[in-house]
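One file, query_14.cif, is given below (mmCIF, C-alpha atoms).
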data_my_file
loop_
_atom_site.label_atom_id
_atom_site.label_comp_id
_atom_site.auth_asym_id
_atom_site.auth_seq_id
_atom_site.Cartn_x
_atom_site.Cartn_y
_atom_site.Cartn_z
CA MET S 1 16.12 -231.69 -165.17
CA MET S 2 17.42 -230.35 -161.84
CA LYS S 3 19.27 -233.59 -161.37
CA PHE S 4 20.94 -233.24 -164.76
CA ILE S 5 22.01 -229.67 -163.97
CA LYS S 6 23.33 -230.68 -160.59
CA LYS S 7 25.30 -233.58 -161.98
CA ASN S 8 26.76 -231.63 -164.87
CA LYS S 9 27.36 -228.23 -163.28
CA PHE S 10 30.89 -228.12 -164.59
CA LEU S 11 29.94 -229.01 -168.15
CA ILE S 12 27.14 -226.43 -168.22
CA LEU S 13 29.53 -223.79 -166.93
CA LEU S 14 31.93 -224.68 -169.74
CA VAL S 15 29.25 -224.37 -172.41
CA LEU S 16 28.30 -220.96 -170.99
CA MET S 17 31.94 -219.89 -171.09
CA LEU S 18 32.17 -221.02 -174.72
CA ILE S 19 29.07 -219.03 -175.64
CA ILE S 20 30.43 -215.92 -173.92
CA ILE S 21 33.84 -216.05 -175.57
CA SER S 22 32.19 -216.76 -178.94
CA ILE S 23 30.24 -213.52 -178.59
CA ILE S 24 33.36 -211.59 -177.60
CA ASP S 25 35.66 -213.06 -180.23
CA ILE S 26 34.96 -216.19 -182.24
CA THR S 27 38.67 -216.79 -182.88
CA LEU S 28 39.06 -217.38 -179.14
CA THR S 29 36.58 -220.24 -179.44
CA TYR S 30 38.54 -221.83 -182.29
CA LYS S 31 41.69 -221.45 -180.24
CA ALA S 32 39.98 -223.04 -177.24
CA PHE S 33 39.00 -226.08 -179.29
CA ALA S 34 42.47 -226.36 -180.81
CA ASN S 35 43.96 -226.21 -177.30
CA THR S 36 41.55 -228.84 -176.05
CA TRP S 37 42.56 -231.15 -178.88
CA ASP S 38 46.25 -230.55 -178.06
CA GLN S 39 45.53 -231.45 -174.44
CA VAL S 40 43.83 -234.68 -175.43
CA LEU S 41 46.72 -235.61 -177.74
CA SER S 42 49.42 -234.85 -175.19
CA MET S 43 47.53 -236.85 -172.61
CA LEU S 44 47.24 -239.80 -174.97
CA MET S 45 51.03 -239.64 -175.28
CA ILE S 46 51.87 -239.64 -171.57
CA VAL S 47 49.01 -241.64 -170.13
CA PRO S 48 49.40 -245.18 -171.59
CA PRO S 49 52.50 -246.11 -169.55
CA ILE S 50 50.89 -244.74 -166.40
CA PHE S 51 47.87 -246.99 -166.78
CA VAL S 52 50.05 -249.97 -167.62
CA LEU S 53 51.93 -249.28 -164.38
CA ILE S 54 48.65 -249.01 -162.48
CA GLY S 55 47.54 -252.37 -163.86
CA LEU S 56 50.83 -254.05 -163.01
CA PHE S 57 50.80 -252.49 -159.55
CA ASP S 58 47.31 -253.82 -159.01
CA VAL S 59 48.16 -257.44 -159.82
CA TRP S 60 51.71 -257.68 -158.41
CA VAL S 61 51.71 -255.62 -155.23
CA ASP S 62 49.48 -257.07 -152.55
CA ARG S 63 47.59 -255.15 -149.89
CA GLU S 64 49.73 -256.34 -147.01
CA THR S 65 52.87 -254.92 -148.59
CA VAL S 66 51.31 -251.51 -149.19
CA ILE S 67 49.85 -251.41 -145.69
CA LYS S 68 53.25 -252.25 -144.26
CA LEU S 69 55.09 -249.68 -146.38
CA MET S 70 52.58 -246.82 -146.50
CA GLY S 71 49.73 -247.78 -144.19
CA ASN S 72 48.56 -246.40 -140.86
CA ASN S 73 51.63 -247.51 -138.93
CA SER S 74 54.23 -246.77 -141.60
CA GLY S 75 55.34 -243.56 -139.88
CA ILE S 76 58.16 -241.55 -141.36
CA LYS S 77 59.16 -244.37 -143.72
CA GLY S 78 55.75 -244.24 -145.37
CA MET S 79 56.11 -240.51 -145.87
CA ALA S 80 59.60 -240.91 -147.29
CA LEU S 81 58.34 -243.49 -149.76
CA ALA S 82 55.45 -241.20 -150.76
CA PHE S 83 58.00 -238.45 -151.33
CA PHE S 84 60.19 -240.57 -153.59
CA LEU S 85 57.24 -241.89 -155.60
CA GLY S 86 56.04 -238.33 -156.13
CA ALA S 87 59.47 -236.90 -156.90
CA PHE S 88 60.56 -239.57 -159.38
CA SER S 89 57.61 -239.08 -161.66
CA ALA S 90 56.60 -237.45 -164.89
CA GLY S 91 53.35 -236.03 -166.16
CA PRO S 92 50.75 -233.56 -164.97
CA THR S 93 49.11 -233.81 -161.54
CA LEU S 94 46.12 -235.30 -163.29
CA ALA S 95 48.15 -238.43 -164.09
CA ALA S 96 48.87 -238.82 -160.38
CA PHE S 97 45.18 -239.09 -159.45
CA PRO S 98 44.63 -242.69 -160.64
CA LEU S 99 47.93 -243.71 -159.01
CA ALA S 100 46.80 -242.12 -155.77
CA LEU S 101 43.52 -244.00 -156.01
CA ILE S 102 45.23 -247.35 -156.37
CA MET S 103 47.44 -246.56 -153.37
CA LEU S 104 44.33 -245.79 -151.30
CA LYS S 105 42.70 -248.96 -152.55
CA LYS S 106 45.66 -251.04 -151.43
CA GLY S 107 45.58 -249.57 -147.94
CA ALA S 108 48.01 -246.66 -148.00
CA LYS S 109 47.36 -244.00 -145.37
CA TYR S 110 45.43 -240.99 -146.67
CA SER S 111 47.96 -238.46 -145.43
CA ASN S 112 50.71 -240.29 -147.31
CA VAL S 113 48.65 -240.30 -150.49
CA LEU S 114 47.92 -236.59 -150.10
CA PHE S 115 51.63 -235.96 -149.54
CA PHE S 116 52.41 -237.97 -152.67
CA LEU S 117 49.97 -235.86 -154.71
CA MET S 118 51.41 -232.59 -153.42
CA VAL S 119 55.01 -233.64 -154.04
CA TRP S 120 54.06 -234.80 -157.54
CA SER S 121 52.33 -231.48 -158.28
CA SER S 122 55.30 -229.27 -157.53
CA LEU S 123 58.45 -231.06 -156.41
CA LYS S 124 58.88 -233.76 -159.03
CA LEU S 125 62.26 -233.99 -160.72
CA PRO S 126 61.25 -232.65 -164.17
CA ILE S 127 59.94 -229.51 -162.47
CA VAL S 128 63.05 -229.09 -160.33
CA PHE S 129 65.11 -229.48 -163.50
CA TYR S 130 63.18 -226.72 -165.30
CA GLN S 131 63.41 -224.55 -162.20
CA ILE S 132 67.18 -224.77 -161.82
CA THR S 133 67.86 -224.18 -165.51
CA THR S 134 65.57 -221.15 -165.70
CA ILE S 135 65.16 -219.31 -162.40
CA GLY S 136 68.45 -220.52 -160.89
CA PHE S 137 69.56 -222.86 -158.12
CA LYS S 138 69.16 -220.57 -155.12
CA PHE S 139 65.67 -219.32 -156.03
CA SER S 140 64.57 -222.91 -156.73
CA MET S 141 65.88 -224.22 -153.44
CA VAL S 142 64.25 -221.45 -151.41
CA ILE S 143 60.93 -222.26 -153.06
CA ASN S 144 61.25 -226.05 -152.86
CA LEU S 145 62.45 -226.34 -149.27
CA THR S 146 59.65 -224.04 -148.12
CA MET S 147 57.07 -226.06 -150.03
CA LEU S 148 58.44 -229.36 -148.73
CA ILE S 149 58.04 -228.17 -145.14
CA VAL S 150 54.51 -226.91 -145.89
CA PHE S 151 53.56 -230.21 -147.53
CA VAL S 152 54.89 -232.28 -144.62
CA LEU S 153 53.00 -230.15 -142.09
CA GLY S 154 49.90 -230.17 -144.30
CA ALA S 155 49.96 -233.96 -144.61
CA LEU S 156 50.39 -234.38 -140.85
CA LEU S 157 47.55 -231.94 -140.24
CA SER S 158 45.27 -233.84 -142.66
CA GLU S 159 45.40 -236.84 -140.32
CA LYS S 160 43.68 -234.74 -137.68
CA LEU S 161 41.13 -233.23 -140.06
CA PHE S 162 39.55 -236.40 -141.42
CA LYS S 163 37.20 -238.57 -139.39
CA LYS S 164 37.49 -242.31 -139.57
CA GLU S 165 34.24 -242.59 -141.56
CA GLU S 166 35.42 -240.02 -144.09
CA LEU S 167 38.61 -241.98 -144.67
CA GLU S 168 36.60 -245.18 -145.08
CA ILE S 169 34.44 -243.50 -147.73
CA LEU S 170 37.57 -242.35 -149.55
CA GLN S 171 38.96 -245.86 -149.55
CA GLU S 172 35.68 -247.35 -150.70
CA LYS S 173 35.58 -244.91 -153.62
CA ALA S 174 39.11 -245.95 -154.55
CA ILE S 175 38.18 -249.64 -154.40
CA ASN S 176 35.16 -249.08 -156.61
CA TYR S 177 37.22 -247.08 -159.07
CA SER S 178 39.43 -249.95 -160.19
CA LYS S 179 37.14 -252.91 -159.78
CA MET W 180 57.62 -235.79 -176.25
CA SER W 181 59.94 -234.76 -173.45
CA ILE W 182 62.85 -236.73 -172.02
CA GLU W 183 60.97 -237.74 -168.91
CA ALA W 184 58.19 -239.18 -171.05
CA TYR W 185 60.72 -241.38 -172.87
CA ILE W 186 62.17 -242.53 -169.56
CA LEU W 187 58.68 -243.33 -168.32
CA TYR W 188 58.00 -245.38 -171.47
CA ALA W 189 61.32 -247.21 -171.14
CA ILE W 190 60.77 -248.12 -167.48
CA THR W 191 57.20 -249.23 -168.16
CA ALA W 192 58.25 -251.36 -171.12
CA LEU W 193 60.96 -253.01 -169.02
CA LEU W 194 58.59 -253.77 -166.14
CA LEU W 195 55.97 -255.03 -168.54
CA LEU W 196 58.49 -257.37 -170.13
CA ILE W 197 59.65 -258.72 -166.77
CA SER W 198 56.05 -259.17 -165.66
CA PHE W 199 55.23 -260.96 -168.89
CA ILE W 200 58.16 -263.35 -168.53
CA ILE W 201 57.29 -264.21 -164.93
CA ASP W 202 53.54 -264.60 -165.35
CA LYS W 203 51.70 -264.17 -168.61
CA GLU W 204 48.21 -264.49 -167.15
CA LYS W 205 48.81 -262.01 -164.37
CA THR W 206 50.23 -259.50 -166.82
CA LYS W 207 47.18 -259.82 -169.02
CA LYS W 208 44.94 -259.27 -166.03
CA GLY W 209 46.94 -256.21 -165.06
CA LEU W 210 46.69 -254.70 -168.53
CA ILE W 211 42.94 -255.18 -168.57
CA LYS W 212 42.69 -253.53 -165.15
CA GLY W 213 44.80 -250.60 -166.33
CA ALA W 214 42.65 -250.16 -169.43
CA LYS W 215 39.51 -250.29 -167.33
CA SER W 216 40.67 -247.56 -164.98
CA PHE W 217 41.62 -245.45 -168.01
CA ILE W 218 38.12 -245.80 -169.46
CA LYS W 219 36.61 -244.93 -166.09
CA LEU W 220 38.64 -241.77 -165.92
CA MET W 221 37.68 -240.49 -169.38
CA PRO W 222 34.28 -238.92 -168.55
CA VAL W 223 35.96 -236.92 -165.79
CA LEU W 224 38.84 -235.91 -168.02
CA LEU W 225 37.12 -234.68 -171.16
CA PRO W 226 35.33 -231.65 -169.64
CA LEU W 227 38.57 -230.86 -167.85
CA PHE W 228 40.45 -230.68 -171.13
CA LEU W 229 37.78 -228.45 -172.59
CA PHE W 230 38.19 -226.18 -169.57
CA ILE W 231 41.97 -226.08 -169.94
CA GLY W 232 41.51 -225.36 -173.66
CA ILE W 233 39.28 -222.36 -172.96
CA LEU W 234 41.58 -221.14 -170.21
CA LEU W 235 44.68 -221.35 -172.39
CA ALA W 236 42.90 -219.36 -175.10
CA ILE W 237 42.16 -216.51 -172.68
CA VAL W 238 45.08 -216.57 -170.26
CA THR W 239 48.09 -216.53 -172.59
CA PRO W 240 51.68 -215.88 -171.42
CA GLU W 241 51.36 -212.38 -172.97
CA PHE W 242 48.26 -211.74 -170.90
CA ILE W 243 50.07 -212.83 -167.73
CA SER W 244 53.07 -210.64 -168.57
CA SER W 245 50.76 -207.67 -168.94
CA VAL W 246 49.10 -208.31 -165.59
CA LEU W 247 52.16 -209.26 -163.53
CA GLY W 248 54.10 -206.11 -164.29
CA PRO W 249 56.60 -204.19 -162.16
CA GLU W 250 53.91 -203.21 -159.65
CA SER W 251 54.80 -205.19 -156.59
CA GLY W 252 53.31 -204.69 -153.17
CA LEU W 253 50.30 -206.47 -151.84
CA LEU W 254 48.19 -206.21 -154.99
CA GLY W 255 51.02 -207.54 -157.15
CA TYR W 256 51.53 -210.54 -154.90
CA LEU W 257 47.83 -211.22 -154.75
CA SER W 258 47.36 -211.09 -158.53
CA GLY W 259 50.31 -213.49 -158.94
CA LEU W 260 48.75 -215.92 -156.47
CA VAL W 261 45.28 -215.74 -157.99
CA ILE W 262 46.39 -216.06 -161.61
CA GLY W 263 48.72 -218.90 -160.67
CA SER W 264 45.93 -220.73 -158.86
CA ILE W 265 43.38 -220.62 -161.67
CA THR W 266 45.73 -221.10 -164.62
CA PHE W 267 47.19 -224.27 -165.99
CA MET W 268 50.59 -224.38 -167.65
CA PRO W 269 53.20 -227.08 -168.24
CA PRO W 270 56.53 -226.43 -166.44
CA PHE W 271 58.48 -225.91 -169.66
CA VAL W 272 56.24 -222.92 -170.42
CA ALA W 273 55.88 -221.70 -166.84
CA TYR W 274 59.52 -221.31 -165.80
CA PRO W 275 60.76 -219.45 -168.89
CA LEU W 276 57.75 -217.17 -168.35
CA GLY W 277 58.93 -216.65 -164.77
CA VAL W 278 62.33 -215.54 -166.08
CA GLU W 279 60.65 -213.19 -168.53
CA LEU W 280 58.51 -211.70 -165.76
CA LEU W 281 61.61 -211.05 -163.68
CA ALA W 282 63.32 -209.45 -166.68
CA ASN W 283 60.27 -207.23 -167.20
CA GLY W 284 60.66 -205.89 -163.71
CA ALA W 285 58.32 -208.09 -161.67
CA ALA W 286 59.52 -208.63 -158.11
CA TYR W 287 61.01 -211.95 -156.91
CA PRO W 288 58.30 -212.65 -154.29
CA GLN W 289 55.57 -211.97 -156.81
CA VAL W 290 57.06 -214.36 -159.39
CA ALA W 291 57.72 -216.98 -156.71
CA GLY W 292 54.12 -216.82 -155.51
CA PHE W 293 52.85 -217.06 -159.08
CA LEU W 294 55.04 -220.05 -159.99
CA VAL W 295 54.33 -221.98 -156.79
CA ALA W 296 50.58 -221.43 -157.07
CA LEU W 297 50.74 -222.35 -160.76
CA MET W 298 52.39 -225.70 -160.04
CA SER W 299 50.79 -226.74 -156.77
CA VAL W 300 47.31 -225.21 -156.71
CA GLY W 301 45.20 -226.85 -159.39
CA LEU W 302 41.77 -225.30 -159.38
CA VAL W 303 41.32 -226.62 -162.93
CA TYR W 304 41.43 -230.10 -161.45
CA TYR W 305 38.92 -229.33 -158.71
CA SER W 306 35.90 -230.90 -160.40
CA ALA W 307 37.77 -234.10 -161.30
CA GLU W 308 39.56 -234.28 -157.97
CA SER W 309 36.41 -233.90 -155.89
CA LYS W 310 34.69 -236.60 -157.93
CA LEU W 311 37.58 -239.08 -157.68
CA PHE W 312 38.43 -238.40 -154.03
CA SER W 313 36.14 -236.06 -152.13
CA LYS W 314 35.31 -232.37 -151.97
CA LYS W 315 37.06 -232.05 -148.65
CA SER W 316 40.19 -233.72 -149.96
CA ALA W 317 40.30 -231.51 -153.06
CA ILE W 318 39.77 -228.34 -151.03
CA LEU W 319 42.37 -229.38 -148.47
CA ARG W 320 45.07 -230.09 -151.05
CA ASN W 321 44.50 -226.79 -152.82
CA LEU W 322 44.31 -224.86 -149.57
CA ILE W 323 47.57 -226.32 -148.22
CA SER W 324 49.26 -225.44 -151.54
CA PHE W 325 47.82 -221.92 -151.55
CA ILE W 326 48.99 -221.27 -148.00
CA GLY W 327 52.36 -222.69 -149.07
CA ALA W 328 52.51 -220.14 -151.89
CA ILE W 329 51.84 -217.31 -149.41
CA ILE W 330 54.57 -218.63 -147.11
CA VAL W 331 56.96 -218.83 -150.08
CA ILE W 332 56.28 -215.14 -150.79
CA LEU W 333 57.14 -214.30 -147.18
CA VAL W 334 60.30 -216.42 -147.21
CA VAL W 335 61.46 -214.90 -150.52
CA LEU W 336 60.80 -211.42 -149.10
CA VAL W 337 63.17 -212.24 -146.25
CA VAL W 338 65.84 -213.93 -148.38
CA TYR W 339 65.94 -211.40 -151.26
#
Produce structure tokens that represent the structure in this file.
Amino acid sequence: MMKFIKKNKFLILLVLMLIIISIIDITLTYKAFANTWDQVLSMLMIVPPIFVLIGLFDVWVDRETVIKLMGNNSGIKGMALAFFLGAFSAGPTLAAFPLALIMLKKGAKYSNVLFFLMVWSSLKLPIVFYQITTIGFKFSMVINLTMLIVFVLGALLSEKLFKKEELEILQEKAINYSK
Amino acid sequence: MSIEAYILYAITALLLLISFIIDKEKTKKGLIKGAKSFIKLMPVLLPLFLFIGILLAIVTPEFISSVLGPESGLLGYLSGLVIGSITFMPPFVAYPLGVELLANGAAYPQVAGFLVALMSVGLVYYSAESKLFSKKSAILRNLISFIGAIIVILVVLVVY
């Protein structure tokens, strides 16, 4: 029982939330389910090409290439590549997770993968496009340049924060994920 | 579907075709691998979608407009950061909302902090992210992004 609770903390929390909002206003619950369904549908629309790409990446790109381009000794080039992969993308951050896992599996450096995730989350082209057309060019650039600097520093810092064993565990998880 | 989704489909279809022409077997293997990683991700994703569904029912754009009003100052910035961090919103909803907030009298730094936190900090993803990577990795990514949002507020304060 304890084990079940521990393993499904998140799910139990969600059920509690549902019960609470049902008591407050049952229409909120209906709305929540309708939203959830919308989320599932929109994911089913955007996700198939991403997983096809992951599969192709897995069979065509070998480990040596990834290690050379984004591995431990890839330096600034590896970071630049992580930036471009993150920027030229589409889809929610969630869609980036499996891509990040396959990069880790193939031997990309953790800090580059983290950088890729952060760039994807807030500096990808579709976002920049929405930014410029709504809040204007100057406001967008102030925000994006600041975030880019923060992300670069954050990624560099992450190299210092993770021990070798922790990075090995991360990579092992990634390898197990797409076995 | 949005334009970028169509582009993604087009590029994928092209690559798939090339791959298929070069090596049929390898392509098949790749597709199976892709499908497998999709199936593996599903149990992590479904509760996440339920969470986003509940969140979207409670935290509507109207709700955010009512909270992020003209009151700026420390409390205004903080509420922008916090709401942005816990909420989920696609960019085509978020940025028009940002414009609306500005029109309603919210301050630039406040809106900037809200938008940056909204895009980069993904507390909704925390459960999935810590399962797929690690707790430390998930916390680190969100923390870097949150600090980034604070720095953006400071920079915008100086610039505007």
Just need the residues of chain S within 7 Å of chain W, counting only C-alpha atoms, so spit them out as JSON, numbers by chain. {"S": [11, 14, 28, 31, 32, 33, 35, 36, 39, 40, 46, 49, 51, 52, 53, 54, 55, 56, 58, 59, 90, 118, 121, 122, 126, 127, 130, 131, 134, 135, 143, 146, 147, 150, 154, 170, 177, 178]}
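Taking CA of Ser22 (chain S) as the reference point, CA of Leu44 (chain S) is found at 27.8 Å.
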Provide the CA of Ser140 (chain S) to CA of Ala82 (chain S) distance in Å, to one decimal place. 21.3 Å
Near Phe162 (chain S), within 10 Å and counting all atoms listed in the file, which residues show up once chain neighbours fewer than 5 positions away are dropped, as a ChimeraX atom specification? /S:110-111,157,167-168 /W:315-316
CA of Gly107 (chain S) and CA of Arg63 (chain S) are how many Å apart? 6.2 Å
Given the PyMOL selection byres ((chain S and resi 93-101) around 7), the residues it picks as a ChimeraX atom specification: /S:47,54,91-92,102-105,113,117,120-121,174
Residues selected by the PyMOL selection byres ((chain S and resi 66-69) around 9), written as a list of chain:residue names: S:Val61, S:Asp62, S:Arg63, S:Glu64, S:Thr65, S:Met70, S:Gly71, S:Asn72, S:Asn73, S:Ser74, S:Gly75, S:Lys77, S:Gly78, S:Leu81, S:Met103, S:Lys106, S:Gly107, S:Ala108, S:Lys109
Residues from last step as file, C-alpha atoms, as an mmCIF file, keeping the file's coordinate frame:
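again-v8.cif, freshly written:
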data_model
loop_
_atom_site.group_PDB
_atom_site.id
_atom_site.type_symbol
_atom_site.label_atom_id
_atom_site.label_comp_id
_atom_site.auth_asym_id
_atom_site.auth_seq_id
_atom_site.Cartn_x
_atom_site.Cartn_y
_atom_site.Cartn_z
ATOM 1 C CA VAL S 61 51.710 -255.620 -155.230
ATOM 2 C CA ASP S 62 49.480 -257.070 -152.550
ATOM 3 C CA ARG S 63 47.590 -255.150 -149.890
ATOM 4 C CA GLU S 64 49.730 -256.340 -147.010
ATOM 5 C CA THR S 65 52.870 -254.920 -148.590
ATOM 6 C CA MET S 70 52.580 -246.820 -146.500
ATOM 7 C CA GLY S 71 49.730 -247.780 -144.190
ATOM 8 C CA ASN S 72 48.560 -246.400 -140.860
ATOM 9 C CA ASN S 73 51.630 -247.510 -138.930
ATOM 10 C CA SER S 74 54.230 -246.770 -141.600
ATOM 11 C CA GLY S 75 55.340 -243.560 -139.880
ATOM 12 C CA LYS S 77 59.160 -244.370 -143.720
ATOM 13 C CA GLY S 78 55.750 -244.240 -145.370
ATOM 14 C CA LEU S 81 58.340 -243.490 -149.760
ATOM 15 C CA MET S 103 47.440 -246.560 -153.370
ATOM 16 C CA LYS S 106 45.660 -251.040 -151.430
ATOM 17 C CA GLY S 107 45.580 -249.570 -147.940
ATOM 18 C CA ALA S 108 48.010 -246.660 -148.000
ATOM 19 C CA LYS S 109 47.360 -244.000 -145.370
#
Go through S:Asn176, S:Met45, S:Met79, S:Trp60 and flag the residue nearest Ile197 (chain W), using only C-alpha atoms for the distances.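 For Ile197 (chain W), the nearest of the candidates is S:Trp60.
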Do a neighbour search on Leu247 (chain W) at 12 Å with only C-alpha atoms, toss out local chain neighbours closer than 6 positions, and write the hits as a ChimeraX atom specification. /W:240-241,254-263,276-277,279-294
Requested write-out: C-alpha atoms of the selected residues, as a PDB file, in the coordinates of the input:
ATOM      1  CA  PRO W 240      51.680-215.880-171.420  1.00  0.00           C
ATOM      2  CA  GLU W 241      51.360-212.380-172.970  1.00  0.00           C
ATOM      3  CA  LEU W 254      48.190-206.210-154.990  1.00  0.00           C
ATOM      4  CA  GLY W 255      51.020-207.540-157.150  1.00  0.00           C
ATOM      5  CA  TYR W 256      51.530-210.540-154.900  1.00  0.00           C
ATOM      6  CA  LEU W 257      47.830-211.220-154.750  1.00  0.00           C
ATOM      7  CA  SER W 258      47.360-211.090-158.530  1.00  0.00           C
ATOM      8  CA  GLY W 259      50.310-213.490-158.940  1.00  0.00           C
ATOM      9  CA  LEU W 260      48.750-215.920-156.470  1.00  0.00           C
ATOM     10  CA  VAL W 261      45.280-215.740-157.990  1.00  0.00           C
ATOM     11  CA  ILE W 262      46.390-216.060-161.610  1.00  0.00           C
ATOM     12  CA  GLY W 263      48.720-218.900-160.670  1.00  0.00           C
ATOM     13  CA  LEU W 276      57.750-217.170-168.350  1.00  0.00           C
ATOM     14  CA  GLY W 277      58.930-216.650-164.770  1.00  0.00           C
ATOM     15  CA  GLU W 279      60.650-213.190-168.530  1.00  0.00           C
ATOM     16  CA  LEU W 280      58.510-211.700-165.760  1.00  0.00           C
ATOM     17  CA  LEU W 281      61.610-211.050-163.680  1.00  0.00           C
ATOM     18  CA  ALA W 282      63.320-209.450-166.680  1.00  0.00           C
ATOM     19  CA  ASN W 283      60.270-207.230-167.200  1.00  0.00           C
ATOM     20  CA  GLY W 284      60.660-205.890-163.710  1.00  0.00           C
ATOM     21  CA  ALA W 285      58.320-208.090-161.670  1.00  0.00           C
ATOM     22  CA  ALA W 286      59.520-208.630-158.110  1.00  0.00           C
ATOM     23  CA  TYR W 287      61.010-211.950-156.910  1.00  0.00           C
ATOM     24  CA  PRO W 288      58.300-212.650-154.290  1.00  0.00           C
ATOM     25  CA  GLN W 289      55.570-211.970-156.810  1.00  0.00           C
ATOM     26  CA  VAL W 290      57.060-214.360-159.390  1.00  0.00           C
ATOM     27  CA  ALA W 291      57.720-216.980-156.710  1.00  0.00           C
ATOM     28  CA  GLY W 292      54.120-216.820-155.510  1.00  0.00           C
ATOM     29  CA  PHE W 293      52.850-217.060-159.080  1.00  0.00           C
ATOM     30  CA  LEU W 294      55.040-220.050-159.990  1.00  0.00           C
TER      31      LEU W 294
END
Mind checking which residues fall within 7 Å of Phe115 (chain S), counting all atoms listed in the file, ignoring those fewer than 5 positions away in the same chain, and posting them as a ChimeraX atom specification? /S:82,151-152,155
3 Å per side around region 131-145 of chain S: axis-aligned box centre and edge lengths, as lines of an AutoDock Vina configuration file:
center_x = 65.2
center_y = -222.8
center_z = -157.5
size_x = 14.6
size_y = 13.0
size_z = 22.4
